[in-house]
$ cat protein37.csv   # CSV, N, CA and C atoms
chain,number,residue,atom,x,y,z
A,1,MET,N,-1.2,-2.4,38.7
A,1,MET,CA,-2.1,-1.7,37.9
A,1,MET,C,-1.3,-0.9,36.8
A,2,GLY,N,-0.2,-0.2,37.2
A,2,GLY,CA,0.5,0.6,36.3
A,2,GLY,C,1.1,-0.2,35.2
A,3,ALA,N,1.7,-1.4,35.5
A,3,ALA,CA,2.3,-2.2,34.5
A,3,ALA,C,1.2,-2.7,33.5
A,4,ARG,N,0.0,-3.0,34.0
A,4,ARG,CA,-1.0,-3.5,33.1
A,4,ARG,C,-1.5,-2.3,32.1
A,5,LYS,N,-1.5,-1.1,32.6
A,5,LYS,CA,-1.9,0.0,31.8
A,5,LYS,C,-0.9,0.3,30.7
A,6,ARG,N,0.4,0.2,31.1
A,6,ARG,CA,1.5,0.4,30.1
A,6,ARG,C,1.4,-0.7,29.0
A,7,LEU,N,1.2,-2.0,29.4
A,7,LEU,CA,1.1,-3.1,28.5
A,7,LEU,C,-0.1,-2.8,27.5
A,8,THR,N,-1.2,-2.4,28.0
A,8,THR,CA,-2.4,-2.1,27.2
A,8,THR,C,-2.1,-1.0,26.2
A,9,ARG,N,-1.5,0.0,26.7
A,9,ARG,CA,-1.1,1.2,25.8
A,9,ARG,C,-0.1,0.7,24.7
A,10,THR,N,0.8,-0.1,25.1
A,10,THR,CA,1.8,-0.6,24.1
A,10,THR,C,1.1,-1.5,23.0
A,11,ILE,N,0.2,-2.4,23.5
A,11,ILE,CA,-0.5,-3.2,22.5
A,11,ILE,C,-1.4,-2.4,21.6
A,12,CYS,N,-2.1,-1.4,22.1
A,12,CYS,CA,-2.9,-0.5,21.3
A,12,CYS,C,-2.1,0.3,20.3
A,13,LEU,N,-0.9,0.8,20.7
A,13,LEU,CA,0.0,1.5,19.8
A,13,LEU,C,0.5,0.6,18.7
A,14,ALA,N,0.9,-0.6,19.1
A,14,ALA,CA,1.4,-1.6,18.1
A,14,ALA,C,0.3,-1.9,17.0
A,15,ALA,N,-0.9,-2.0,17.5
A,15,ALA,CA,-2.0,-2.3,16.6
A,15,ALA,C,-2.3,-1.2,15.7
A,16,ILE,N,-2.2,0.1,16.2
A,16,ILE,CA,-2.4,1.2,15.3
A,16,ILE,C,-1.3,1.3,14.3
A,17,VAL,N,-0.1,1.1,14.7
A,17,VAL,CA,1.0,1.2,13.7
A,17,VAL,C,0.9,0.1,12.7
A,18,THR,N,0.6,-1.1,13.1
A,18,THR,CA,0.4,-2.2,12.1
A,18,THR,C,-0.7,-1.9,11.1
A,19,PHE,N,-1.9,-1.5,11.6
A,19,PHE,CA,-3.0,-1.2,10.8
A,19,PHE,C,-2.7,-0.1,9.8
A,20,SER,N,-2.0,1.0,10.3
A,20,SER,CA,-1.6,2.1,9.5
A,20,SER,C,-0.7,1.7,8.3
A,21,ALA,N,0.3,0.9,8.7
A,21,ALA,CA,1.3,0.4,7.7
A,21,ALA,C,0.6,-0.5,6.6
A,22,ALA,N,-0.3,-1.4,7.1
A,22,ALA,CA,-1.1,-2.2,6.1
A,22,ALA,C,-1.9,-1.4,5.2
A,23,ASN,N,-2.6,-0.4,5.8
A,23,ASN,CA,-3.5,0.5,5.0
A,23,ASN,C,-2.7,1.2,4.0
A,24,SER,N,-1.5,1.7,4.3
A,24,SER,CA,-0.7,2.5,3.4
A,24,SER,C,-0.2,1.6,2.3
A,25,ALA,N,0.2,0.3,2.6
A,25,ALA,CA,0.6,-0.6,1.6
A,25,ALA,C,-0.5,-0.9,0.6
A,26,PHE,N,-1.7,-1.1,1.1
A,26,PHE,CA,-2.9,-1.3,0.2
A,26,PHE,C,-3.1,-0.1,-0.7
A,27,ALA,N,-3.1,1.1,-0.1
A,27,ALA,CA,-3.3,2.3,-0.9
A,27,ALA,C,-2.3,2.4,-2.0
A,28,HIS,N,-1.0,2.1,-1.7
A,28,HIS,CA,0.1,2.2,-2.7
A,28,HIS,C,-0.1,1.1,-3.8
A,29,GLU,N,-0.5,-0.1,-3.3
A,29,GLU,CA,-0.7,-1.2,-4.2
A,29,GLU,C,-1.7,-0.9,-5.3
A,30,THR,N,-2.8,-0.1,-4.9
A,30,THR,CA,-3.9,0.1,-5.9
A,30,THR,C,-3.6,1.3,-6.8
A,31,GLU,N,-2.6,2.1,-6.5
A,31,GLU,CA,-2.3,3.2,-7.4
A,31,GLU,C,-1.8,2.8,-8.8
A,32,ILE,N,-0.9,1.8,-8.7
A,32,ILE,CA,-0.4,1.2,-10.0
A,32,ILE,C,-0.3,-0.3,-9.8
A,33,GLN,N,-0.9,-1.1,-10.6
A,33,GLN,CA,-0.9,-2.5,-10.6
A,33,GLN,C,-0.3,-3.0,-11.9
A,34,GLU,N,0.5,-4.1,-11.8
A,34,GLU,CA,1.0,-4.7,-13.0
A,34,GLU,C,0.5,-6.1,-13.1
A,35,GLY,N,0.1,-6.6,-14.3
A,35,GLY,CA,-0.3,-7.9,-14.5
A,35,GLY,C,-0.8,-8.1,-15.9
A,36,ILE,N,-1.7,-9.1,-16.0
A,36,ILE,CA,-2.3,-9.5,-17.3
A,36,ILE,C,-3.7,-9.0,-17.5
A,37,ALA,N,-4.0,-8.4,-18.7
A,37,ALA,CA,-5.3,-7.9,-19.0
A,37,ALA,C,-5.9,-8.9,-20.0
A,38,SER,N,-7.2,-9.1,-20.0
A,38,SER,CA,-7.9,-9.8,-21.0
A,38,SER,C,-9.1,-9.0,-21.4
A,39,PHE,N,-10.0,-9.5,-22.3
A,39,PHE,CA,-11.2,-8.8,-22.6
A,39,PHE,C,-12.4,-9.7,-22.7
A,40,TYR,N,-13.5,-9.1,-22.6
A,40,TYR,CA,-14.8,-9.8,-22.6
A,40,TYR,C,-15.1,-10.5,-23.9
A,41,SER,N,-15.7,-11.6,-23.8
A,41,SER,CA,-16.2,-12.4,-25.0
A,41,SER,C,-17.5,-11.6,-25.4
A,42,ASP,N,-17.8,-11.8,-26.7
A,42,ASP,CA,-19.0,-11.1,-27.3
A,42,ASP,C,-20.3,-11.7,-26.7
A,43,ARG,N,-20.2,-12.8,-26.1
A,43,ARG,CA,-21.4,-13.4,-25.5
A,43,ARG,C,-22.0,-12.6,-24.3
A,44,PHE,N,-21.1,-11.7,-23.7
A,44,PHE,CA,-21.5,-10.8,-22.6
A,44,PHE,C,-22.2,-9.5,-23.0
A,45,GLN,N,-22.2,-9.3,-24.3
A,45,GLN,CA,-22.9,-8.0,-24.8
A,45,GLN,C,-24.3,-8.0,-24.3
A,46,GLY,N,-24.6,-6.9,-23.7
A,46,GLY,CA,-26.0,-6.6,-23.1
A,46,GLY,C,-26.2,-7.2,-21.8
A,47,ALA,N,-25.4,-8.1,-21.3
A,47,ALA,CA,-25.5,-8.7,-20.0
A,47,ALA,C,-25.4,-7.6,-18.9
A,48,THR,N,-26.1,-7.8,-17.8
A,48,THR,CA,-26.0,-6.8,-16.7
A,48,THR,C,-24.7,-7.0,-16.0
A,49,THR,N,-23.9,-5.9,-15.8
A,49,THR,CA,-22.7,-5.9,-15.1
A,49,THR,C,-23.0,-5.8,-13.6
A,50,ALA,N,-21.9,-6.0,-12.8
A,50,ALA,CA,-22.1,-5.9,-11.3
A,50,ALA,C,-22.6,-4.6,-10.8
A,51,SER,N,-22.3,-3.5,-11.6
A,51,SER,CA,-22.8,-2.2,-11.2
A,51,SER,C,-24.3,-2.0,-11.6
A,52,GLY,N,-24.8,-2.9,-12.4
A,52,GLY,CA,-26.2,-2.8,-12.8
A,52,GLY,C,-26.4,-2.3,-14.2
A,53,GLU,N,-25.3,-1.8,-14.8
A,53,GLU,CA,-25.4,-1.3,-16.2
A,53,GLU,C,-25.3,-2.5,-17.2
A,54,PRO,N,-26.0,-2.3,-18.3
A,54,PRO,CA,-25.8,-3.3,-19.4
A,54,PRO,C,-24.4,-3.2,-19.9
A,55,PHE,N,-23.7,-4.4,-20.2
A,55,PHE,CA,-22.4,-4.4,-20.8
A,55,PHE,C,-22.4,-4.0,-22.2
A,56,ASP,N,-21.5,-3.1,-22.6
A,56,ASP,CA,-21.4,-2.7,-24.0
A,56,ASP,C,-20.0,-2.8,-24.5
A,57,GLN,N,-19.8,-3.7,-25.5
A,57,GLN,CA,-18.4,-3.9,-26.0
A,57,GLN,C,-17.8,-2.6,-26.6
A,58,GLN,N,-18.6,-1.7,-27.0
A,58,GLN,CA,-18.1,-0.5,-27.6
A,58,GLN,C,-17.8,0.7,-26.6
A,59,ALA,N,-18.2,0.5,-25.4
A,59,ALA,CA,-17.9,1.4,-24.3
A,59,ALA,C,-16.4,1.2,-23.8
A,60,LEU,N,-15.8,2.2,-23.3
A,60,LEU,CA,-14.5,2.1,-22.7
A,60,LEU,C,-14.6,1.8,-21.2
A,61,THR,N,-14.9,0.5,-21.0
A,61,THR,CA,-15.2,0.1,-19.6
A,61,THR,C,-14.3,-1.2,-19.3
A,62,ALA,N,-14.3,-1.5,-18.0
A,62,ALA,CA,-13.6,-2.7,-17.6
A,62,ALA,C,-14.1,-3.2,-16.2
A,63,ALA,N,-13.7,-4.5,-16.0
A,63,ALA,CA,-14.0,-5.1,-14.7
A,63,ALA,C,-12.7,-5.2,-13.9
A,64,HIS,N,-12.8,-4.9,-12.6
A,64,HIS,CA,-11.7,-5.0,-11.7
A,64,HIS,C,-12.2,-5.7,-10.4
A,65,PRO,N,-11.3,-6.5,-9.8
A,65,PRO,CA,-11.8,-7.2,-8.6
A,65,PRO,C,-12.2,-6.3,-7.4
A,66,SER,N,-11.6,-5.1,-7.2
A,66,SER,CA,-11.8,-4.4,-6.0
A,66,SER,C,-12.0,-2.9,-6.1
A,67,LEU,N,-11.6,-2.3,-7.2
A,67,LEU,CA,-11.8,-0.8,-7.3
A,67,LEU,C,-13.3,-0.5,-7.4
A,68,PRO,N,-13.6,0.7,-6.8
A,68,PRO,CA,-15.0,1.1,-6.8
A,68,PRO,C,-15.6,1.3,-8.2
A,69,PHE,N,-16.9,1.0,-8.3
A,69,PHE,CA,-17.5,1.4,-9.6
A,69,PHE,C,-17.4,2.9,-9.9
A,70,GLY,N,-17.2,3.2,-11.1
A,70,GLY,CA,-17.0,4.7,-11.4
A,70,GLY,C,-15.6,5.1,-11.4
A,71,THR,N,-14.7,4.3,-11.0
A,71,THR,CA,-13.3,4.7,-10.9
A,71,THR,C,-12.7,4.7,-12.3
A,72,LYS,N,-11.9,5.7,-12.7
A,72,LYS,CA,-11.3,5.8,-13.9
A,72,LYS,C,-9.8,5.3,-13.8
A,73,VAL,N,-9.4,4.5,-14.7
A,73,VAL,CA,-8.0,4.0,-14.7
A,73,VAL,C,-7.4,4.1,-16.1
A,74,LEU,N,-6.1,4.2,-16.1
A,74,LEU,CA,-5.3,4.2,-17.3
A,74,LEU,C,-4.7,2.9,-17.4
A,75,VAL,N,-5.0,2.2,-18.5
A,75,VAL,CA,-4.4,0.9,-18.8
A,75,VAL,C,-3.4,1.0,-19.9
A,76,THR,N,-2.1,0.7,-19.5
A,76,THR,CA,-1.0,0.9,-20.5
A,76,THR,C,-0.3,-0.4,-20.7
A,77,ARG,N,0.0,-0.7,-22.0
A,77,ARG,CA,0.9,-1.8,-22.3
A,77,ARG,C,2.3,-1.4,-22.3
A,78,PRO,N,3.1,-1.8,-21.3
A,78,PRO,CA,4.5,-1.4,-21.3
A,78,PRO,C,5.4,-1.8,-22.5
A,79,ASP,N,4.9,-2.9,-23.1
A,79,ASP,CA,5.7,-3.4,-24.2
A,79,ASP,C,5.5,-2.6,-25.5
A,80,THR,N,4.4,-1.9,-25.6
A,80,THR,CA,4.1,-1.1,-26.9
A,80,THR,C,3.9,0.3,-26.6
A,81,GLY,N,3.6,0.7,-25.3
A,81,GLY,CA,3.3,2.1,-25.0
A,81,GLY,C,1.9,2.5,-25.3
A,82,GLN,N,1.1,1.6,-25.8
A,82,GLN,CA,-0.3,1.9,-26.1
A,82,GLN,C,-1.1,2.0,-24.8
A,83,ALA,N,-2.1,2.9,-24.7
A,83,ALA,CA,-2.8,3.2,-23.5
A,83,ALA,C,-4.2,3.5,-23.8
A,84,VAL,N,-5.1,3.2,-22.8
A,84,VAL,CA,-6.5,3.6,-22.9
A,84,VAL,C,-7.1,3.9,-21.5
A,85,GLU,N,-7.9,4.9,-21.4
A,85,GLU,CA,-8.6,5.2,-20.2
A,85,GLU,C,-9.9,4.5,-20.1
A,86,VAL,N,-10.2,3.8,-19.1
A,86,VAL,CA,-11.5,3.0,-18.9
A,86,VAL,C,-12.1,3.3,-17.6
A,87,LEU,N,-13.4,3.1,-17.6
A,87,LEU,CA,-14.2,3.2,-16.4
A,87,LEU,C,-14.6,1.9,-15.8
A,88,ILE,N,-14.3,1.7,-14.5
A,88,ILE,CA,-14.6,0.4,-13.9
A,88,ILE,C,-16.1,0.3,-13.6
A,89,ASN,N,-16.8,-0.7,-14.2
A,89,ASN,CA,-18.2,-0.9,-14.0
A,89,ASN,C,-18.6,-2.3,-13.7
A,90,ASP,N,-17.6,-3.2,-13.5
A,90,ASP,CA,-18.0,-4.6,-13.3
A,90,ASP,C,-16.9,-5.2,-12.4
A,91,ARG,N,-17.1,-6.4,-11.9
A,91,ARG,CA,-16.2,-7.2,-11.1
A,91,ARG,C,-15.6,-8.3,-12.0
A,92,GLY,N,-14.4,-8.6,-11.7
A,92,GLY,CA,-13.6,-9.6,-12.4
A,92,GLY,C,-12.2,-9.1,-12.6
A,93,PRO,N,-11.4,-9.8,-13.3
A,93,PRO,CA,-11.6,-11.1,-14.0
A,93,PRO,C,-11.5,-12.2,-13.0
A,94,PHE,N,-12.1,-13.3,-13.4
A,94,PHE,CA,-12.1,-14.5,-12.5
A,94,PHE,C,-11.2,-15.6,-13.0
A,95,VAL,N,-10.1,-15.2,-13.6
A,95,VAL,CA,-9.0,-16.1,-14.0
A,95,VAL,C,-7.8,-15.7,-13.3
A,96,GLN,N,-7.2,-16.7,-12.6
A,96,GLN,CA,-6.0,-16.4,-11.8
A,96,GLN,C,-4.9,-15.7,-12.6
A,97,GLY,N,-4.2,-14.7,-12.1
A,97,GLY,CA,-3.1,-14.0,-12.8
A,97,GLY,C,-3.6,-12.8,-13.6
A,98,ARG,N,-4.9,-12.7,-13.8
A,98,ARG,CA,-5.3,-11.5,-14.6
A,98,ARG,C,-5.8,-10.4,-13.6
A,99,ILE,N,-5.6,-9.2,-14.0
A,99,ILE,CA,-5.9,-8.1,-13.1
A,99,ILE,C,-7.0,-7.2,-13.6
A,100,ILE,N,-7.4,-7.3,-14.9
A,100,ILE,CA,-8.4,-6.4,-15.4
A,100,ILE,C,-9.0,-7.1,-16.7
A,101,ASP,N,-10.3,-7.0,-16.8
A,101,ASP,CA,-11.0,-7.4,-18.0
A,101,ASP,C,-11.5,-6.2,-18.7
A,102,LEU,N,-11.2,-6.1,-20.0
A,102,LEU,CA,-11.6,-4.9,-20.8
A,102,LEU,C,-12.7,-5.1,-21.8
A,103,SER,N,-13.4,-4.1,-22.1
A,103,SER,CA,-14.3,-4.2,-23.3
A,103,SER,C,-13.5,-4.4,-24.5
A,104,LYS,N,-14.2,-4.8,-25.6
A,104,LYS,CA,-13.5,-5.1,-26.9
A,104,LYS,C,-12.9,-3.8,-27.4
A,105,ARG,N,-13.6,-2.7,-27.3
A,105,ARG,CA,-13.1,-1.4,-27.8
A,105,ARG,C,-11.8,-1.0,-27.1
A,106,ALA,N,-11.7,-1.2,-25.8
A,106,ALA,CA,-10.5,-0.9,-25.1
A,106,ALA,C,-9.4,-1.9,-25.5
A,107,ALA,N,-9.7,-3.1,-25.7
A,107,ALA,CA,-8.7,-4.1,-26.2
A,107,ALA,C,-8.2,-3.7,-27.5
A,108,VAL,N,-9.0,-3.2,-28.4
A,108,VAL,CA,-8.6,-2.8,-29.7
A,108,VAL,C,-7.6,-1.6,-29.6
A,109,LYS,N,-7.9,-0.7,-28.7
A,109,LYS,CA,-7.0,0.5,-28.5
A,109,LYS,C,-5.6,0.0,-28.0
A,110,LEU,N,-5.6,-1.1,-27.3
A,110,LEU,CA,-4.4,-1.6,-26.7
A,110,LEU,C,-3.7,-2.6,-27.7
A,111,GLY,N,-4.3,-2.9,-28.8
A,111,GLY,CA,-3.7,-3.8,-29.8
A,111,GLY,C,-3.6,-5.2,-29.4
A,112,MET,N,-4.6,-5.6,-28.5
A,112,MET,CA,-4.5,-7.0,-28.0
A,112,MET,C,-5.6,-7.9,-28.4
A,113,LEU,N,-6.3,-7.5,-29.4
A,113,LEU,CA,-7.5,-8.3,-29.9
A,113,LEU,C,-7.1,-9.7,-30.4
A,114,ARG,N,-6.0,-9.8,-31.1
A,114,ARG,CA,-5.6,-11.1,-31.7
A,114,ARG,C,-5.0,-12.0,-30.6
A,115,ARG,N,-4.2,-11.4,-29.7
A,115,ARG,CA,-3.5,-12.1,-28.6
A,115,ARG,C,-4.5,-12.7,-27.6
A,116,GLY,N,-5.5,-11.8,-27.2
A,116,GLY,CA,-6.4,-12.2,-26.2
A,116,GLY,C,-6.1,-11.7,-24.8
A,117,THR,N,-4.8,-11.7,-24.5
A,117,THR,CA,-4.3,-11.1,-23.3
A,117,THR,C,-3.0,-10.3,-23.6
A,118,ALA,N,-2.7,-9.4,-22.6
A,118,ALA,CA,-1.5,-8.6,-22.7
A,118,ALA,C,-1.0,-8.2,-21.4
A,119,PRO,N,0.3,-8.0,-21.2
A,119,PRO,CA,0.8,-7.4,-20.0
A,119,PRO,C,0.4,-6.0,-19.9
A,120,VAL,N,0.0,-5.5,-18.7
A,120,VAL,CA,-0.5,-4.1,-18.6
A,120,VAL,C,-0.1,-3.5,-17.3
A,121,MET,N,-0.1,-2.2,-17.2
A,121,MET,CA,0.0,-1.5,-16.0
A,121,MET,C,-1.3,-0.7,-15.8
A,122,VAL,N,-2.0,-0.8,-14.7
A,122,VAL,CA,-3.2,-0.2,-14.4
A,122,VAL,C,-3.0,0.9,-13.4
A,123,THR,N,-3.2,2.2,-13.8
A,123,THR,CA,-2.9,3.4,-13.0
A,123,THR,C,-4.2,4.0,-12.6
A,124,LEU,N,-4.4,4.2,-11.3
A,124,LEU,CA,-5.6,4.9,-10.8
A,124,LEU,C,-5.6,6.3,-11.2
A,125,LEU,N,-6.7,6.8,-11.8
A,125,LEU,CA,-6.8,8.2,-12.2
A,125,LEU,C,-7.6,9.1,-11.2
A,126,ASP,N,-8.6,8.5,-10.5
A,126,ASP,CA,-9.3,9.3,-9.5
A,126,ASP,C,-9.2,8.7,-8.2

$ encode --input "protein37.csv" --output "structure tokens"
Amino acid sequence: MGARKRLTRTICLAAIVTFSAANSAFAHETEIQEGIASFYSDRFQGATTASGEPFDQQALTAAHPSLPFGTKVLVTRPDTGQAVEVLINDRGPFVQGRIIDLSKRAAVKLGMLRRGTAPVMVTLLD
């Protein structure tokens, strides 16, 4: 019985340590993400976002796959230093390799309107 109890304790402790390490890695991963940003097509103007708000190309908003709605992030282009603060109010992008979809106004502030996409760093603000 004593050996079984020690084995159970060891397994529980290993599970706690593993979960804690995985949780810490996820938290760190979401503080700053690097990848490609894109922006919404004009055809989405007025469409309902995943948060229930109508989409507005002139608002400083963005779509992110997992950050909670209402989260503020700073999106920075490391190649130019341009940055914009946006509010997450939708889900996406749904194109592999992209980490955030921006409103047109946010894309203009990042100087990426002609390119369509740009390398960015997304920093969690709240």

$ atom_distance --input "protein37.csv" --atom1 "atom C of Thr80 (chain A)" --atom2 "atom C of Ala63 (chain A)"
21.6 Å

$ atom_distance --input "protein37.csv" --atom1 "atom N of Glu85 (chain A)" --atom2 "atom C of Val73 (chain A)"
5.4 Å

$ atom_distance --input "protein37.csv" --atom1 "atom C of Ser103 (chain A)" --atom2 "atom C of Ala59 (chain A)"
6.3 Å

$ select_by_dssp --input "protein37.csv" --residues "region 42-122 of chain A" --states "alpha helix (DSSP H)" --output "PyMOL selection string"
chain A and resi 104-109

$ residues_around --input "protein37.csv" --residues "Glu34 (chain A)" --least-positions-apart "3" --cutoff "10 Å" --atoms "only C-alpha atoms" --output "PyMOL selection string"
chain A and resi 29-30+37+75-78+98-100+119-123

$ residues_around --input "protein37.csv" --residues "Phe39 (chain A)" --least-positions-apart "2" --cutoff "12 Å" --atoms "only C-alpha atoms" --output "VMD selection string"
chain A and resid 36 to 37 41 to 45 56 to 58 60 to 64 92 to 95 98 to 118

$ closest_residue --input "protein37.csv" --among "A:Pro68, A:Leu125, A:Gln33, A:Thr48" --to "Ile88 (chain A)" --atoms "all atoms listed in the file"
A:Pro68

$ closest_residue --input "protein37.csv" --among "A:Ala83, A:Gly46, A:Arg91, A:Pro54" --to "Ser66 (chain A)" --atoms "only N, CA and C atoms"
A:Arg91

$ closest_residue --input "protein37.csv" --among "A:Asp126, A:Gln96, A:Gly81, A:Ala50" --to "Ser38 (chain A)" --atoms "only C-alpha atoms"
A:Gln96

$ decode --input "protein37.csv" --residues "region 54-63 of chain A" --atoms "all heavy atoms" --output "short mmCIF file (atom, residue, chain, number, x, y, z; two decimals), in the first residue's frame"
data_model
loop_
_atom_site.label_atom_id
_atom_site.label_comp_id
_atom_site.auth_asym_id
_atom_site.auth_seq_id
_atom_site.Cartn_x
_atom_site.Cartn_y
_atom_site.Cartn_z
N PRO A 54 -20.92 45.43 -35.06
CA PRO A 54 -20.75 45.57 -36.50
C PRO A 54 -19.31 45.96 -36.81
O PRO A 54 -18.71 46.75 -36.09
CB PRO A 54 -21.73 46.68 -36.89
CG PRO A 54 -22.21 47.28 -35.63
CD PRO A 54 -21.80 46.41 -34.49
N PHE A 55 -18.75 45.39 -37.87
CA PHE A 55 -17.38 45.72 -38.25
C PHE A 55 -17.33 47.10 -38.87
O PHE A 55 -18.16 47.47 -39.69
CB PHE A 55 -16.84 44.69 -39.23
CG PHE A 55 -15.46 45.05 -39.72
CD1 PHE A 55 -14.38 45.03 -38.85
CD2 PHE A 55 -15.25 45.45 -41.02
CE1 PHE A 55 -13.12 45.40 -39.28
CE2 PHE A 55 -14.00 45.81 -41.47
CZ PHE A 55 -12.93 45.79 -40.59
N ASP A 56 -16.31 47.88 -38.47
CA ASP A 56 -16.12 49.24 -38.97
C ASP A 56 -14.67 49.40 -39.42
O ASP A 56 -13.75 49.34 -38.59
CB ASP A 56 -16.46 50.24 -37.87
CG ASP A 56 -16.30 51.69 -38.30
OD1 ASP A 56 -15.98 51.96 -39.49
OD2 ASP A 56 -16.49 52.58 -37.44
N GLN A 57 -14.47 49.61 -40.71
CA GLN A 57 -13.12 49.79 -41.26
C GLN A 57 -12.39 50.99 -40.64
O GLN A 57 -11.17 51.04 -40.67
CB GLN A 57 -13.16 49.97 -42.78
CG GLN A 57 -13.41 48.71 -43.56
CD GLN A 57 -12.19 47.81 -43.70
OE1 GLN A 57 -11.35 47.71 -42.81
NE2 GLN A 57 -12.10 47.13 -44.81
N GLN A 58 -13.14 51.96 -40.12
CA GLN A 58 -12.52 53.17 -39.56
C GLN A 58 -12.20 53.06 -38.07
O GLN A 58 -11.58 53.95 -37.50
CB GLN A 58 -13.40 54.39 -39.83
CG GLN A 58 -13.54 54.70 -41.31
CD GLN A 58 -12.18 54.79 -42.01
OE1 GLN A 58 -11.29 55.53 -41.59
NE2 GLN A 58 -12.01 54.02 -43.08
N ALA A 59 -12.60 51.98 -37.44
CA ALA A 59 -12.28 51.76 -36.02
C ALA A 59 -10.90 51.10 -35.94
O ALA A 59 -10.44 50.47 -36.89
CB ALA A 59 -13.33 50.87 -35.37
N LEU A 60 -10.25 51.27 -34.81
CA LEU A 60 -8.95 50.62 -34.60
C LEU A 60 -9.21 49.28 -33.91
O LEU A 60 -9.07 49.14 -32.70
CB LEU A 60 -8.02 51.51 -33.78
CG LEU A 60 -7.55 52.77 -34.50
CD1 LEU A 60 -6.74 53.67 -33.58
CD2 LEU A 60 -6.73 52.41 -35.75
N THR A 61 -9.61 48.29 -34.73
CA THR A 61 -9.97 46.98 -34.21
C THR A 61 -9.22 45.90 -34.98
O THR A 61 -8.62 46.16 -36.03
CB THR A 61 -11.48 46.73 -34.31
OG1 THR A 61 -11.87 46.85 -35.68
CG2 THR A 61 -12.26 47.71 -33.46
N ALA A 62 -9.31 44.66 -34.45
CA ALA A 62 -8.62 43.55 -35.10
C ALA A 62 -9.26 42.22 -34.71
O ALA A 62 -10.00 42.13 -33.74
CB ALA A 62 -7.15 43.55 -34.68
N ALA A 63 -8.94 41.22 -35.52
CA ALA A 63 -9.34 39.85 -35.24
C ALA A 63 -8.11 39.06 -34.82
O ALA A 63 -7.03 39.21 -35.41
CB ALA A 63 -9.96 39.22 -36.49
#
